[in-house]
file data-v7.txt (compact mmCIF, C-alpha atoms)
# COMPACT_ATOMS: atom_id res chain seq x y z
CA MET A 108 95.67 102.20 115.11
CA LYS A 109 97.70 99.92 112.86
CA TYR A 110 97.33 102.51 110.10
CA PHE A 111 98.47 105.47 112.18
CA LYS A 112 102.13 104.96 111.27
CA TYR A 113 101.26 105.25 107.57
CA LEU A 114 99.48 108.52 108.24
CA VAL A 115 102.62 109.83 109.96
CA LEU A 116 104.86 108.64 107.11
CA GLY A 117 102.49 110.26 104.62
CA VAL A 118 102.65 113.55 106.51
CA VAL A 119 106.47 113.43 106.44
CA PHE A 120 106.29 112.66 102.70
CA GLY A 121 103.95 115.60 102.09
CA ILE A 122 106.07 118.04 104.12
CA THR A 123 109.32 116.86 102.48
CA LEU A 124 108.03 117.16 98.92
CA THR A 125 106.49 120.56 99.65
CA LYS A 126 109.53 122.00 101.40
CA ALA A 127 111.94 120.72 98.71
CA GLU A 128 109.55 122.17 96.07
CA LEU A 129 109.30 118.79 94.32
CA ILE A 130 105.57 119.37 93.83
CA SER A 131 106.23 122.53 91.84
CA TRP A 132 105.29 122.62 88.15
CA TYR A 133 108.14 125.11 87.71
CA ARG A 134 110.72 122.69 89.15
CA ILE A 135 109.64 119.97 86.72
CA TYR A 136 109.84 122.38 83.78
CA GLU A 137 113.30 123.49 84.96
CA MET A 138 114.39 119.85 85.25
CA PHE A 139 113.30 118.95 81.72
CA ARG A 140 115.07 122.07 80.43
CA PHE A 141 118.25 121.06 82.33
CA GLN A 142 118.39 124.52 83.89
CA SER A 143 118.98 123.47 87.49
CA PHE A 144 120.59 120.65 89.42
CA HIS A 145 117.91 120.64 92.14
CA MET A 146 115.64 117.82 90.89
CA TYR A 147 118.56 115.69 89.73
CA GLY A 148 120.17 116.16 93.13
CA VAL A 149 117.01 114.99 94.91
CA ILE A 150 116.41 111.94 92.69
CA GLY A 151 120.14 111.10 92.54
CA SER A 152 120.72 111.30 96.29
CA ALA A 153 117.48 109.36 96.92
CA VAL A 154 118.65 106.58 94.61
CA VAL A 155 122.20 106.45 96.03
CA THR A 156 120.81 106.28 99.59
CA GLY A 157 118.21 103.77 98.40
CA ILE A 158 120.84 101.51 96.82
CA ILE A 159 122.79 101.44 100.09
CA ILE A 160 119.62 100.72 102.10
CA THR A 161 118.47 97.99 99.69
CA GLN A 162 121.88 96.32 99.73
CA ILE A 163 121.94 96.33 103.53
CA ILE A 164 118.41 94.86 103.64
CA LYS A 165 119.41 92.05 101.26
CA ARG A 166 122.84 91.25 102.65
CA THR A 167 121.74 91.19 106.28
CA LYS A 168 118.53 89.31 105.34
CA MET A 169 116.77 91.94 107.41
CA LYS A 170 113.49 91.07 109.08
CA ASP A 171 110.51 93.38 108.86
CA ALA A 172 108.35 94.59 111.76
CA GLN A 173 106.40 91.29 111.73
CA GLY A 174 109.63 89.27 111.93
CA LYS A 175 109.46 88.07 108.32
CA THR A 176 112.56 88.25 106.13
CA VAL A 177 112.16 91.12 103.68
CA VAL A 178 111.73 90.00 100.08
CA ILE A 179 111.94 92.71 97.41
CA ALA A 180 110.13 91.23 94.42
CA PRO A 181 112.06 91.68 91.16
CA LYS A 182 110.10 93.31 88.33
CA GLN A 183 109.50 91.02 85.38
CA PHE A 184 111.68 92.33 82.60
CA SER A 185 110.37 93.41 79.21
CA ILE A 186 110.83 96.48 77.06
CA TRP A 187 107.48 97.61 75.71
CA ARG A 188 105.36 98.19 78.75
CA TYR A 189 108.10 100.09 80.57
CA LEU A 190 109.19 102.15 77.59
CA LEU A 191 105.74 102.97 76.17
CA GLY A 192 104.06 103.32 79.56
CA GLY A 193 107.01 105.40 80.73
CA ILE A 194 106.76 107.73 77.72
CA ILE A 195 103.02 108.25 78.23
CA PHE A 196 103.56 108.97 81.93
CA GLY A 197 106.37 111.37 80.89
CA PHE A 198 103.88 113.30 78.71
CA GLY A 199 101.62 113.72 81.72
CA TRP A 200 104.48 114.53 84.09
CA ALA A 201 105.65 117.43 81.91
CA LEU A 202 102.09 118.77 81.43
CA THR A 203 100.73 118.57 84.96
CA GLY A 204 104.17 119.10 86.50
CA ALA A 205 103.29 116.36 88.94
CA CYS A 206 103.46 112.63 89.40
CA PRO A 207 100.72 110.92 91.44
CA GLY A 208 102.18 111.64 94.91
CA PRO A 209 102.70 115.36 94.28
CA MET A 210 99.12 115.63 92.92
CA PHE A 211 97.75 114.69 96.33
CA ILE A 212 100.26 116.94 98.12
CA LEU A 213 99.29 119.87 95.88
CA ALA A 214 95.68 119.38 96.96
CA GLY A 215 96.88 119.80 100.55
CA ASN A 216 98.70 122.95 99.43
CA GLY A 217 95.36 124.38 98.35
CA VAL A 218 95.65 123.82 94.58
CA PHE A 219 92.17 122.27 94.49
CA VAL A 220 91.89 122.10 90.70
CA ILE A 221 94.41 119.25 90.92
CA PHE A 222 91.48 117.05 92.06
CA VAL A 223 90.35 117.27 88.43
CA ALA A 224 93.77 115.96 87.31
CA ILE A 225 93.46 113.17 89.90
CA ALA A 226 89.97 112.27 88.62
CA SER A 227 91.32 112.31 85.07
CA GLY A 228 94.22 110.12 86.24
CA LEU A 229 91.74 107.63 87.69
CA SER A 230 89.96 107.48 84.34
CA GLY A 231 93.35 106.95 82.65
CA THR A 232 94.08 104.02 84.94
CA TYR A 233 90.59 102.64 84.28
CA VAL A 234 91.02 102.88 80.49
CA TYR A 235 94.37 101.10 80.80
CA GLY A 236 92.64 98.33 82.76
CA LYS A 237 90.03 98.00 80.01
CA ILE A 238 92.36 97.91 77.01
CA ARG A 239 95.50 96.40 78.51
CA HIS A 240 95.07 93.09 76.66
CA LYS A 241 95.41 94.93 73.35
CA LEU A 242 98.65 96.70 74.33
CA PRO A 243 102.17 95.33 73.88
CA HIS A 244 103.73 94.37 77.22
CA MET B 2 112.05 125.51 119.25
CA ASN B 3 111.39 128.73 117.32
CA ASN B 4 114.78 128.40 115.67
CA PHE B 5 113.90 124.86 114.64
CA ILE B 6 110.57 125.93 113.11
CA GLU B 7 112.39 128.74 111.31
CA LEU B 8 115.00 126.31 110.03
CA ILE B 9 112.53 123.78 108.60
CA SER B 10 110.38 126.59 107.19
CA SER B 11 113.07 127.65 104.75
CA PRO B 12 113.26 125.61 101.53
CA TRP B 13 114.96 122.24 101.96
CA PRO B 14 118.09 121.50 99.90
CA TRP B 15 118.21 118.45 97.64
CA TRP B 16 120.65 116.62 99.90
CA ILE B 17 118.08 116.59 102.71
CA ALA B 18 115.06 115.71 100.56
CA GLY B 19 116.67 112.87 98.57
CA PRO B 20 117.90 110.80 101.54
CA ALA B 21 114.64 111.59 103.41
CA ILE B 22 112.64 110.03 100.56
CA ALA B 23 114.90 106.96 100.61
CA LEU B 24 114.32 106.63 104.37
CA LEU B 25 110.56 106.79 103.81
CA MET B 26 110.97 103.96 101.31
CA PHE B 27 112.88 102.02 103.97
CA ALA B 28 110.16 102.63 106.57
CA LEU B 29 107.46 101.31 104.21
CA ILE B 30 109.56 98.21 103.44
CA TYR B 31 110.20 97.70 107.15
CA PHE B 32 106.46 97.71 107.80
CA GLY B 33 106.04 94.99 105.18
CA ASN B 34 104.97 97.10 102.19
CA SER B 35 106.64 99.04 99.41
CA PHE B 36 106.94 102.59 98.12
CA GLY B 37 104.72 102.99 95.06
CA PHE B 38 102.24 105.83 95.04
CA SER B 39 100.47 105.31 91.70
CA ALA B 40 99.05 101.97 92.91
CA ASN B 41 96.53 104.17 94.75
CA PHE B 42 94.89 105.04 91.42
CA ARG B 43 94.14 101.39 90.79
CA THR B 44 92.98 100.92 94.38
CA ILE B 45 90.60 103.89 94.22
CA CYS B 46 89.16 102.60 90.91
CA SER B 47 88.53 99.28 92.63
CA MET B 48 87.05 101.00 95.68
CA PHE B 49 84.53 102.76 93.39
CA GLY B 50 83.43 99.39 92.01
CA ALA B 51 85.50 99.22 88.80
CA GLY B 52 86.03 95.51 89.55
CA LYS B 53 82.46 94.84 88.37
CA SER B 54 83.21 95.96 84.82
CA CYS B 55 86.90 95.06 84.55
CA ASP B 56 88.83 92.18 86.10
CA PHE B 57 91.97 94.34 86.44
CA PHE B 58 90.22 96.07 89.33
CA ASP B 59 88.70 92.92 90.79
CA PHE B 60 90.93 92.47 93.84
CA ASP B 61 90.68 92.97 97.58
CA TRP B 62 91.42 96.70 97.66
CA LYS B 63 91.10 96.78 101.44
CA LYS B 64 94.59 95.22 101.62
CA GLN B 65 95.87 98.48 100.11
CA THR B 66 94.32 100.62 102.82
CA TRP B 67 97.77 101.39 104.21
CA ASN B 68 98.69 103.14 100.91
CA LEU B 69 95.44 105.14 100.90
CA VAL B 70 96.19 106.26 104.45
CA PHE B 71 99.71 107.21 103.28
CA ALA B 72 98.09 109.32 100.51
CA LEU B 73 95.78 110.95 103.05
CA GLY B 74 98.84 111.75 105.16
CA ALA B 75 100.51 113.26 102.08
CA ILE B 76 97.57 115.66 101.63
CA LEU B 77 97.76 116.55 105.32
CA GLY B 78 101.55 117.03 105.10
CA GLY B 79 101.06 119.39 102.15
CA PHE B 80 98.52 121.34 104.20
CA ILE B 81 100.79 121.55 107.27
CA ALA B 82 103.81 122.64 105.21
CA SER B 83 101.88 125.31 103.31
CA GLN B 84 100.08 126.66 106.39
CA TYR B 85 102.65 126.47 109.16
CA LEU B 86 106.09 125.87 107.67
CA THR B 87 106.38 128.48 104.99
CA SER B 88 108.94 131.21 104.58
CA GLY B 89 106.86 133.04 101.99
CA ASP B 90 109.81 133.30 99.61
CA ALA B 91 109.43 132.60 95.90
CA ILE B 92 110.92 129.35 94.59
CA ALA B 93 114.62 129.89 93.82
CA LEU B 94 114.36 128.91 90.16
CA SER B 95 117.22 129.49 87.76
CA GLU B 96 117.28 132.83 85.96
CA ASN B 97 116.96 131.05 82.60
CA THR B 98 113.76 129.31 83.66
CA ILE B 99 112.19 132.54 84.92
CA THR B 100 113.14 134.54 81.81
CA GLU B 101 111.90 131.81 79.50
CA LEU B 102 108.54 131.38 81.22
CA GLU B 103 108.02 135.14 81.41
CA GLY B 104 108.63 135.15 77.69
CA TYR B 105 105.59 132.86 77.36
CA GLY B 106 103.55 135.41 79.27
CA LEU B 107 103.49 133.69 82.69
CA GLU B 108 103.44 136.13 85.61
CA ASN B 109 104.83 135.80 89.14
CA VAL B 110 106.96 132.82 88.10
CA GLY B 111 107.85 130.81 91.21
CA ALA B 112 105.59 132.80 93.57
CA ASP B 113 103.31 129.76 93.94
CA MET B 114 103.94 126.04 93.47
CA VAL B 115 102.16 126.07 90.10
CA PRO B 116 101.33 128.77 87.53
CA MET B 117 98.02 129.98 88.98
CA SER B 118 96.90 131.37 85.60
CA ILE B 119 96.74 127.78 84.27
CA PHE B 120 95.91 125.72 87.35
CA ASN B 121 92.51 127.14 88.30
CA PHE B 122 88.92 126.06 87.72
CA GLU B 123 88.09 128.75 85.12
CA ALA B 124 91.06 127.65 83.01
CA LEU B 125 89.51 124.17 82.71
CA LEU B 126 87.14 125.66 80.14
CA THR B 127 90.04 126.76 77.94
CA LEU B 128 92.08 124.53 75.66
CA LYS B 129 95.23 125.37 77.64
CA GLY B 130 93.74 124.38 81.00
CA PHE B 131 92.20 121.25 79.49
CA VAL B 132 95.53 120.09 78.04
CA PHE B 133 97.58 120.78 81.19
CA ILE B 134 95.11 119.46 83.75
CA VAL B 135 92.71 116.97 82.14
CA LEU B 136 94.86 115.50 79.37
CA GLY B 137 97.99 115.64 81.55
CA GLY B 138 96.19 113.86 84.38
CA PHE B 139 94.90 111.18 82.01
CA PHE B 140 98.42 110.48 80.70
CA VAL B 141 99.72 110.19 84.26
CA GLY B 142 97.02 107.68 85.23
CA PHE B 143 97.27 105.65 82.04
CA GLY B 144 101.07 105.72 81.74
CA THR B 145 101.89 104.85 85.35
CA ARG B 146 99.70 101.77 85.28
CA TYR B 147 100.96 100.68 81.84
CA ALA B 148 104.55 101.11 83.05
CA GLY B 149 103.69 99.46 86.38
CA GLY B 150 104.86 102.39 88.48
CA CYS B 151 105.67 106.07 88.73
CA THR B 152 108.55 108.09 90.12
CA SER B 153 108.33 106.42 93.54
CA GLY B 154 107.93 102.85 92.28
CA HIS B 155 110.43 102.95 89.42
CA ALA B 156 112.80 105.93 89.78
CA ILE B 157 113.28 105.50 93.55
CA SER B 158 112.35 101.92 94.58
CA GLY B 159 113.23 100.19 91.30
CA LEU B 160 116.53 101.95 90.64
CA SER B 161 117.51 101.45 94.30
CA ASP B 162 117.10 97.72 93.69
CA LEU B 163 119.04 98.02 90.39
CA GLN B 164 116.07 96.70 88.38
CA PRO B 165 116.66 96.93 84.60
CA ALA B 166 112.89 97.29 84.03
CA SER B 167 112.86 100.44 86.14
CA LEU B 168 115.77 101.91 84.21
CA ILE B 169 113.80 101.43 80.97
CA ALA B 170 110.77 103.05 82.61
CA VAL B 171 112.79 106.07 83.79
CA ILE B 172 114.31 106.47 80.31
CA GLY B 173 110.72 106.43 79.04
CA PHE B 174 109.70 109.11 81.60
CA PHE B 175 112.39 111.38 80.21
CA ILE B 176 111.68 110.66 76.53
CA GLY B 177 108.04 111.62 77.18
CA GLY B 178 108.82 114.60 79.41
CA LEU B 179 111.47 116.04 77.11
CA THR B 180 109.26 115.62 74.03
CA ILE B 181 106.44 117.60 75.64
CA THR B 182 108.74 120.22 77.14
CA TYR B 183 110.70 120.92 73.95
CA PHE B 184 108.10 120.39 71.23
CA VAL B 185 104.67 120.95 72.75
CA LEU B 186 104.93 123.37 75.69
CA PRO B 187 106.21 126.29 73.57
CA SER B 188 103.02 126.22 71.49
CA ILE B 189 100.47 125.60 74.23
CA LEU B 190 102.04 128.04 76.68
CA ALA B 191 101.73 130.67 73.95
CA LEU B 192 97.95 130.01 73.56

call {"tool": "encode", "arguments": {"input": "data-v7.txt", "output": "structure tokens"}}
result
Amino acid sequence: MKYFKYLVLGVVFGITLTKAELISWYRIYEMFRFQSFHMYGVIGSAVVTGIIITQIIKRTKMKDAQGKTVVIAPKQFSIWRYLLGGIIFGFGWALTGACPGPMFILAGNGVFVIFVAIASGLSGTYVYGKIRHKLPH
Amino acid sequence: MNNFIELISSPWPWWIAGPAIALLMFALIYFGNSFGFSANFRTICSMFGAGKSCDFFDFDWKKQTWNLVFALGAILGGFIASQYLTSGDAIALSENTITELEGYGLENVGADMVPMSIFNFEALLTLKGFVFIVLGGFFVGFGTRYAGGCTSGHAISGLSDLQPASLIAVIGFFIGGLTITYFVLPSILAL
């Protein structure tokens, strides 16, 4: 039962991204061609709301459901892994028109061939795990 | 009730979706976790035994069960939205986008979530389908783990926490995405 809430949150996530068309290959293409405000509006308003939420969490030293003070771990700063990894992910984002979340949601929408992209994504993650020591981070 | 179903069945505007995603992030933080979807790729690798051949996957994946359940919910949410909450209208893409993609020979632009002529099992046997689905998927899996996160982990969670690392990652997402869209898509869409 302790996982039920995550199932509900996942369902809300899936419905939201479907209904706002964020899982659409066309919307991603349109975004990268700067032909519509839609995607920028979604990401922008999510970040603005997120900044407000994160600031409230930190300033009120909010406690989580277990009563522990929420700690948002800072990401260790460097350039290479974020820039190079980001660029490679960007290649995939523009081709598949989906990031990992939308891939799963597309499967629910009946685009079953996306399971092949997910399997390929798993192999990509595995290859990264194998060769990560040779990559600049 | 019928009015409500009708209302949520029409496409949602950006100013509903954006804050809703931020609230989902808050809910995951409140329950003691964080919003980062691509971590599931690593978890699933570990679940399939990748920890035996690579220490990167040698961790207690069961602790990530909550995120796998979230992913399962996402599939279910996609199913519910497409089956029961659909208006049947085409995606309201900009005229420029539609004209451009029709120029590359795509038909029924915006009628489905993805171009069905590319995203189908037969297309996997063509160079076009292979590049879009298999190569694209590989880049997503490799790049997200190298960058330590995807759109949810960096663009939403990281930027919300004003993390410089996430800003670099998001700049990278756009360098990669724009490069493909401007220099590669015109040739492979024309295949």

call {"tool": "residues_around", "arguments": {"input": "data-v7.txt", "residues": "region 118-134 of chain B", "least_positions_apart": "3", "cutoff": "8 Å", "atoms": "all atoms listed in the file", "output": "list in words"}}
result
Leu202, Thr203, Val218, Phe219, Val220, Ile221, Val223 and Ala224 of chain A; Leu107, Val115, Gly137, Gly138, Ile189, Leu190 and Leu192 of chain B

call {"tool": "atom_distance", "arguments": {"input": "data-v7.txt", "atom1": "CA of Val154 (chain A)", "atom2": "CA of Ile157 (chain B)"}}
result
5.6 Å

call {"tool": "atom_distance", "arguments": {"input": "data-v7.txt", "atom1": "CA of Thr145 (chain B)", "atom2": "CA of Gly217 (chain A)"}}
result
24.4 Å

call {"tool": "residues_around", "arguments": {"input": "data-v7.txt", "residues": "region 172-181 of chain A", "least_positions_apart": "3", "cutoff": "12 Å", "atoms": "only C-alpha atoms", "output": "ChimeraX atom specification"}}
result
/A:109,161-169,184 /B:26-36,154-155,158-167

call {"tool": "axis_aligned_box", "arguments": {"input": "data-v7.txt", "around": "region 175-187 of chain B", "padding_each_side": "6 Å", "output": "JSON"}}
result
{"center_x": 108.5, "center_y": 118.5, "center_z": 75.7, "size_x": 19.7, "size_y": 27.6, "size_z": 21.0}

call {"tool": "atom_distance", "arguments": {"input": "data-v7.txt", "atom1": "CA of Ser83 (chain B)", "atom2": "CA of Asn216 (chain A)"}}
result
5.5 Å
